[in-house]
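> For reference, the structure I am asking about is given below.
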2 protein chains.
Amino acid sequence: MELIDGNQIASTIIAELKAEVAAITGRKPCIALVRVGDDPASVSYVRKKEKTAAEIGIESRIILPPVDIPHADLEKVIDELNADDTVDGILVQSPMPKQIDELLIFRRISPAKDVDGLGTMNLGKVAQDDDTGFVSCTPAGIMALLARSNVDLKGKHVVVIGRSLLVGKPVALLALQKKAGANGTVTVCHSGTADLPAITRQADVLIAAIGRPNFVTRDMVKPGVVVIDVGINRVEDAAKKSGYRLTGDVDFAGVAELAGKITPVPGGVGPMTVAMLMSNTVKAHRQRSAA
Amino acid sequence: MELIDGNQIASTIIAELKAEVAAITGRKPCIALVRVGDDPASVSYVRKKEKTAAEIGIESRIILPPVDIPHADLEKVIDELNADDTVDGILVQSPMPKQIDELLIFRRISPAKDVDGLGTMNLGKVAQDDDTGFVSCTPAGIMALLARSNVDLKGKHVVVIGRSLLVGKPVALLALQKKAGANGTVTVCHSGTADLPAITRQADVLIAAIGRPNFVTRDMVKPGVVVIDVGINRVEDAAKKSGYRLTGDVDFAGVAELAGKITPVPGGVGPMTVAMLMSNTVKAHRQRSAA
């Protein structure tokens, strides 16, 4: 069994981006990070993104609208960032307060600046194998983990558990693309799937993104499977100071014994998402500079 | 074995649309049909669309740019139709001449008028389960055939052969949607799939869209399977006056003996596409009138 080390792969990507940004003469890439309200997890995520941007040499601009901002005013914030030539990427941190329709906000971001890849246009471009778009960060991170672990999906059966817009559907579309590294046969399963284990046991590559701790057990996989565990679940743990520990969707101990390669949680997909956001921001800067 | 009669289901939908359009007071729906050049198949397709529109009471406007129209000029044609308030739907007939990038032309059509559903935004909306969009006509026709034949995909394994942008990918996304009639577990196979028969034999619903005559044979399906044959292939046939006959991707005679339900070719998916185009046009008119 080989561990797929997300921390290490993310560090490599960040170092590559740092070198690329250092070579840019003139204005450096800039990402606008919009955080509505003070949700503690969001505060921490945005801080992490800001820190990584700084490490790479990407400018970040933090915008903090009040938690009760009306929908139309948040749209105005987006419109101003869309119009600002010195901004390459725009991220609006999810979750947003309940008066905000996230789908509409993501869609309002100019597709050329939608570095979080959650807008409708960029999702459509994933389906169209159109590389001018931005792939959302978790699925992009999964594909990068596979590519940098020398896992070629060609001729392989990729089984995705979970059909979310954030992970399941885009990663399925990516695995299907006619592109080096992809070209997989892809099955998407979910909570309504009949006899799930019979399907997951066929997987050469299993991507678990269902949000249920230790859901994938040893009896659900075949020997040699490559496992990407997207889950980040909090499980009570009295032995921890915080009172909980993080666990994936995969019962790591049991599955790792059979797996060819597997990502840990934490330290697998998690660290990749910020790296991919930064990669998209540098790409947006590159494309906007060329345009 | 029950035959899924596409001619009959399409006729029913057309009759429903006719009643809906008859009830519209004021301006009737209008579709612009753009045909670049004189490709004989395109001439025949556009004529069929015009005829069906007239039957329903939808106005159609035929635009015939010359085959050598520069890309920018075709964009201008689209822009003018986008700006024309009396036009609800725009269809640009494929295939277009080689100086034209079809993807860019489809993307240029206003999403609110993209009744052919081939623009990037509407494809993204399919992935987002967003019903304000337009589903492209062949996948929409497949879903309508299933729904009107009382085939509920919930808990079923849907296997799609073919990953095209026109059929395979959108129909896979539709079958996956969290919606009444959908909620299937979905596998997408293609020319690079290893041991295809082992996968197709698992299908409760098999959608063949690979473009190879009689590709799906009796040994590739399980008893009771519902088969949707999207293929329309010309096969030489000296007995026919035309010298050819149309055949699907499925070896009908062999597979029909095992199938629970099956579409014929011709007379299955084919007649549905024009009906769905008209349905989208009436929907575009409804949405634009409400806006």
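Following the order of the structure tokens, chains are lettered A, B, ..., residues in each are numbered from 1, and ligands are numbered from 1.
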Find the residues of chain B that sit at most 9 Å from chain A; for each, write down the nearest two atoms and how far apart they are in Å, to one decimal. Count only C-alpha atoms. Sort by chain, then by number going up, and give it as a Markdown table.

| residue | atom | partner | partner_atom | distance |
| --- | --- | --- | --- | --- |
| B:Leu103 | CA | A:Gln128 | CA | 8.8 |
| B:Gly119 | CA | A:Gly124 | CA | 8.4 |
| B:Thr120 | CA | A:Gly124 | CA | 4.8 |
| B:Met121 | CA | A:Met121 | CA | 4.9 |
| B:Asn122 | CA | A:Gly124 | CA | 7.5 |
| B:Leu123 | CA | A:Gly124 | CA | 5.2 |
| B:Gly124 | CA | A:Gly124 | CA | 3.9 |
| B:Lys125 | CA | A:Thr120 | CA | 6.3 |
| B:Val126 | CA | A:Gly124 | CA | 8.7 |
| B:Ala127 | CA | A:Lys169 | CA | 7.2 |
| B:Gln128 | CA | A:Leu165 | CA | 6.6 |
| B:Lys154 | CA | A:Gly192 | CA | 7.2 |
| B:Gly155 | CA | A:Thr193 | CA | 5.4 |
| B:Lys156 | CA | A:Ala194 | CA | 7.2 |
| B:His157 | CA | A:Thr193 | CA | 7.9 |
| B:Val159 | CA | A:Thr187 | CA | 8.6 |
| B:Arg163 | CA | A:Leu176 | CA | 7.5 |
| B:Leu165 | CA | A:Gln128 | CA | 6.6 |
| B:Lys169 | CA | A:Ala127 | CA | 7.2 |
| B:Pro170 | CA | A:Ala127 | CA | 8.5 |
| B:Leu173 | CA | A:Lys169 | CA | 7.9 |
| B:Leu176 | CA | A:Arg163 | CA | 7.5 |
| B:Gln177 | CA | A:Arg163 | CA | 8.6 |
| B:Asn183 | CA | A:Gly192 | CA | 7.0 |
| B:Gly184 | CA | A:Thr193 | CA | 7.3 |
| B:Thr185 | CA | A:Cys189 | CA | 5.2 |
| B:Val186 | CA | A:Val188 | CA | 5.4 |
| B:Thr187 | CA | A:Thr187 | CA | 4.0 |
| B:Val188 | CA | A:Val186 | CA | 5.4 |
| B:Cys189 | CA | A:Thr185 | CA | 5.2 |
| B:His190 | CA | A:Thr185 | CA | 7.1 |
| B:Gly192 | CA | A:Gly155 | CA | 5.7 |
| B:Thr193 | CA | A:Gly155 | CA | 5.4 |
| B:Ala194 | CA | A:Gly155 | CA | 5.5 |
> Next, write the just-selected residues to a file, as a compact mmCIF listing (two decimals), in the first residue's frame, keeping N, CA and C atoms as the atom set.

# COMPACT_ATOMS: atom_id res chain seq x y z
N LEU B 103 -18.89 25.28 -31.12
CA LEU B 103 -18.97 25.48 -29.67
C LEU B 103 -19.14 26.97 -29.36
N GLY B 119 -25.63 25.32 -25.65
CA GLY B 119 -24.72 26.32 -25.08
C GLY B 119 -24.16 25.85 -23.74
N THR B 120 -23.00 26.39 -23.40
CA THR B 120 -22.29 25.97 -22.19
C THR B 120 -23.12 26.23 -20.93
N MET B 121 -23.78 27.38 -20.90
CA MET B 121 -24.56 27.73 -19.71
C MET B 121 -25.69 26.71 -19.47
N ASN B 122 -26.38 26.33 -20.53
CA ASN B 122 -27.48 25.39 -20.34
C ASN B 122 -27.00 23.98 -20.00
N LEU B 123 -25.84 23.62 -20.50
CA LEU B 123 -25.25 22.35 -20.11
C LEU B 123 -24.90 22.37 -18.62
N GLY B 124 -24.32 23.48 -18.18
CA GLY B 124 -24.01 23.64 -16.76
C GLY B 124 -25.27 23.56 -15.90
N LYS B 125 -26.36 24.13 -16.39
CA LYS B 125 -27.61 24.09 -15.62
C LYS B 125 -28.13 22.65 -15.47
N VAL B 126 -27.91 21.84 -16.48
CA VAL B 126 -28.30 20.43 -16.37
C VAL B 126 -27.53 19.78 -15.21
N ALA B 127 -26.24 20.08 -15.13
CA ALA B 127 -25.43 19.53 -14.03
C ALA B 127 -25.91 20.08 -12.68
N GLN B 128 -26.45 21.29 -12.69
CA GLN B 128 -26.90 21.92 -11.44
C GLN B 128 -28.36 21.60 -11.09
N LYS B 154 -35.31 5.58 -10.48
CA LYS B 154 -34.93 5.51 -9.06
C LYS B 154 -34.49 4.09 -8.67
N GLY B 155 -33.29 4.00 -8.11
CA GLY B 155 -32.79 2.70 -7.68
C GLY B 155 -32.32 1.81 -8.82
N LYS B 156 -32.41 2.34 -10.04
CA LYS B 156 -32.01 1.55 -11.22
C LYS B 156 -30.57 1.87 -11.62
N HIS B 157 -29.94 0.92 -12.28
CA HIS B 157 -28.62 1.15 -12.84
C HIS B 157 -28.77 1.49 -14.32
N VAL B 159 -26.97 2.46 -17.71
CA VAL B 159 -25.67 2.40 -18.37
C VAL B 159 -25.79 3.13 -19.72
N ARG B 163 -20.02 8.96 -24.75
CA ARG B 163 -19.85 10.11 -23.84
C ARG B 163 -19.87 11.41 -24.61
N LEU B 165 -21.10 15.01 -26.18
CA LEU B 165 -21.68 16.22 -25.61
C LEU B 165 -23.14 16.33 -25.98
N LYS B 169 -23.12 12.55 -22.24
CA LYS B 169 -22.91 13.29 -21.00
C LYS B 169 -24.19 13.94 -20.46
N PRO B 170 -24.95 14.67 -21.30
CA PRO B 170 -26.16 15.27 -20.71
C PRO B 170 -27.17 14.23 -20.24
N LEU B 173 -26.15 13.05 -16.85
CA LEU B 173 -26.43 14.06 -15.81
C LEU B 173 -27.92 14.11 -15.49
N LEU B 176 -29.03 11.23 -13.34
CA LEU B 176 -28.49 11.37 -11.98
C LEU B 176 -29.26 12.38 -11.13
N GLN B 177 -30.02 13.27 -11.78
CA GLN B 177 -30.65 14.37 -11.04
C GLN B 177 -31.52 13.87 -9.89
N ASN B 183 -32.83 10.03 -10.45
CA ASN B 183 -32.23 9.37 -9.28
C ASN B 183 -31.61 8.02 -9.58
N GLY B 184 -31.17 7.85 -10.82
CA GLY B 184 -30.52 6.59 -11.17
C GLY B 184 -29.07 6.53 -10.70
N THR B 185 -28.55 5.32 -10.64
CA THR B 185 -27.10 5.11 -10.53
C THR B 185 -26.62 5.03 -11.97
N VAL B 186 -25.58 5.80 -12.32
CA VAL B 186 -25.27 5.96 -13.73
C VAL B 186 -23.83 5.57 -14.06
N THR B 187 -23.68 4.74 -15.06
CA THR B 187 -22.35 4.42 -15.59
C THR B 187 -22.25 4.91 -17.03
N VAL B 188 -21.15 5.60 -17.32
CA VAL B 188 -20.89 6.01 -18.70
C VAL B 188 -19.72 5.20 -19.25
N CYS B 189 -19.99 4.45 -20.32
CA CYS B 189 -18.97 3.63 -20.99
C CYS B 189 -18.66 4.27 -22.34
N HIS B 190 -17.60 3.82 -22.96
CA HIS B 190 -17.24 4.36 -24.27
C HIS B 190 -16.23 3.42 -24.93
N GLY B 192 -13.21 3.27 -25.00
CA GLY B 192 -12.05 2.87 -24.21
C GLY B 192 -12.39 2.00 -23.00
N THR B 193 -13.64 1.59 -22.88
CA THR B 193 -14.05 0.81 -21.71
C THR B 193 -13.55 -0.64 -21.81
N ALA B 194 -12.96 -1.10 -20.72
CA ALA B 194 -12.51 -2.50 -20.67
C ALA B 194 -13.70 -3.39 -20.33
> Could you pull out the alpha helix (DSSP H) residues of segment 57-250 of chain B, going by DSSP on the backbone, and write them as number ranges by chain?
B: 71-83, 102-108, 120-127, 137-148, 168-176, 196-200
> Okay, now the selection with C-alpha atoms, as a short mmCIF file (atom, residue, chain, number, x, y, z; two decimals), in the first residue's frame?

data_model
loop_
_atom_site.label_atom_id
_atom_site.label_comp_id
_atom_site.auth_asym_id
_atom_site.auth_seq_id
_atom_site.Cartn_x
_atom_site.Cartn_y
_atom_site.Cartn_z
CA HIS B 71 -17.21 33.71 -38.20
CA ALA B 72 -17.67 37.29 -37.05
CA ASP B 73 -20.62 37.78 -39.39
CA LEU B 74 -22.37 34.68 -38.10
CA GLU B 75 -21.81 36.02 -34.58
CA LYS B 76 -23.51 39.22 -35.71
CA VAL B 77 -26.49 37.22 -36.97
CA ILE B 78 -26.74 35.59 -33.52
CA ASP B 79 -26.35 38.91 -31.71
CA GLU B 80 -29.20 40.42 -33.71
CA LEU B 81 -31.48 37.49 -32.94
CA ASN B 82 -30.46 37.69 -29.27
CA ALA B 83 -31.50 41.36 -29.26
CA GLU B 102 -19.71 25.38 -33.40
CA LEU B 103 -18.97 25.48 -29.67
CA LEU B 104 -18.43 29.25 -29.79
CA ILE B 105 -21.57 29.81 -31.88
CA PHE B 106 -23.72 27.74 -29.51
CA ARG B 107 -22.19 29.62 -26.58
CA ARG B 108 -22.96 32.98 -28.19
CA THR B 120 -22.29 25.97 -22.19
CA MET B 121 -24.56 27.73 -19.71
CA ASN B 122 -27.48 25.39 -20.34
CA LEU B 123 -25.25 22.35 -20.11
CA GLY B 124 -24.01 23.64 -16.76
CA LYS B 125 -27.61 24.09 -15.62
CA VAL B 126 -28.30 20.43 -16.37
CA ALA B 127 -25.43 19.53 -14.03
CA CYS B 137 -33.19 17.87 -27.54
CA THR B 138 -31.92 14.28 -27.80
CA PRO B 139 -31.29 13.74 -24.05
CA ALA B 140 -34.54 15.55 -23.25
CA GLY B 141 -36.29 13.24 -25.71
CA ILE B 142 -34.79 10.16 -24.06
CA MET B 143 -35.99 11.27 -20.62
CA ALA B 144 -39.46 12.00 -22.01
CA LEU B 145 -39.62 8.56 -23.66
CA LEU B 146 -38.74 6.92 -20.34
CA ALA B 147 -41.15 9.04 -18.30
CA ARG B 148 -44.05 8.46 -20.68
CA GLY B 168 -23.99 10.67 -23.50
CA LYS B 169 -22.91 13.29 -21.00
CA PRO B 170 -26.16 15.27 -20.71
CA VAL B 171 -28.33 12.16 -20.49
CA ALA B 172 -26.04 10.80 -17.75
CA LEU B 173 -26.43 14.06 -15.81
CA LEU B 174 -30.21 13.98 -16.27
CA ALA B 175 -30.49 10.37 -15.09
CA LEU B 176 -28.49 11.37 -11.98
CA LEU B 196 -17.93 -3.47 -21.90
CA PRO B 197 -20.35 -6.45 -21.94
CA ALA B 198 -19.69 -7.09 -18.24
CA ILE B 199 -20.93 -3.56 -17.55
CA THR B 200 -23.83 -3.43 -20.00
#
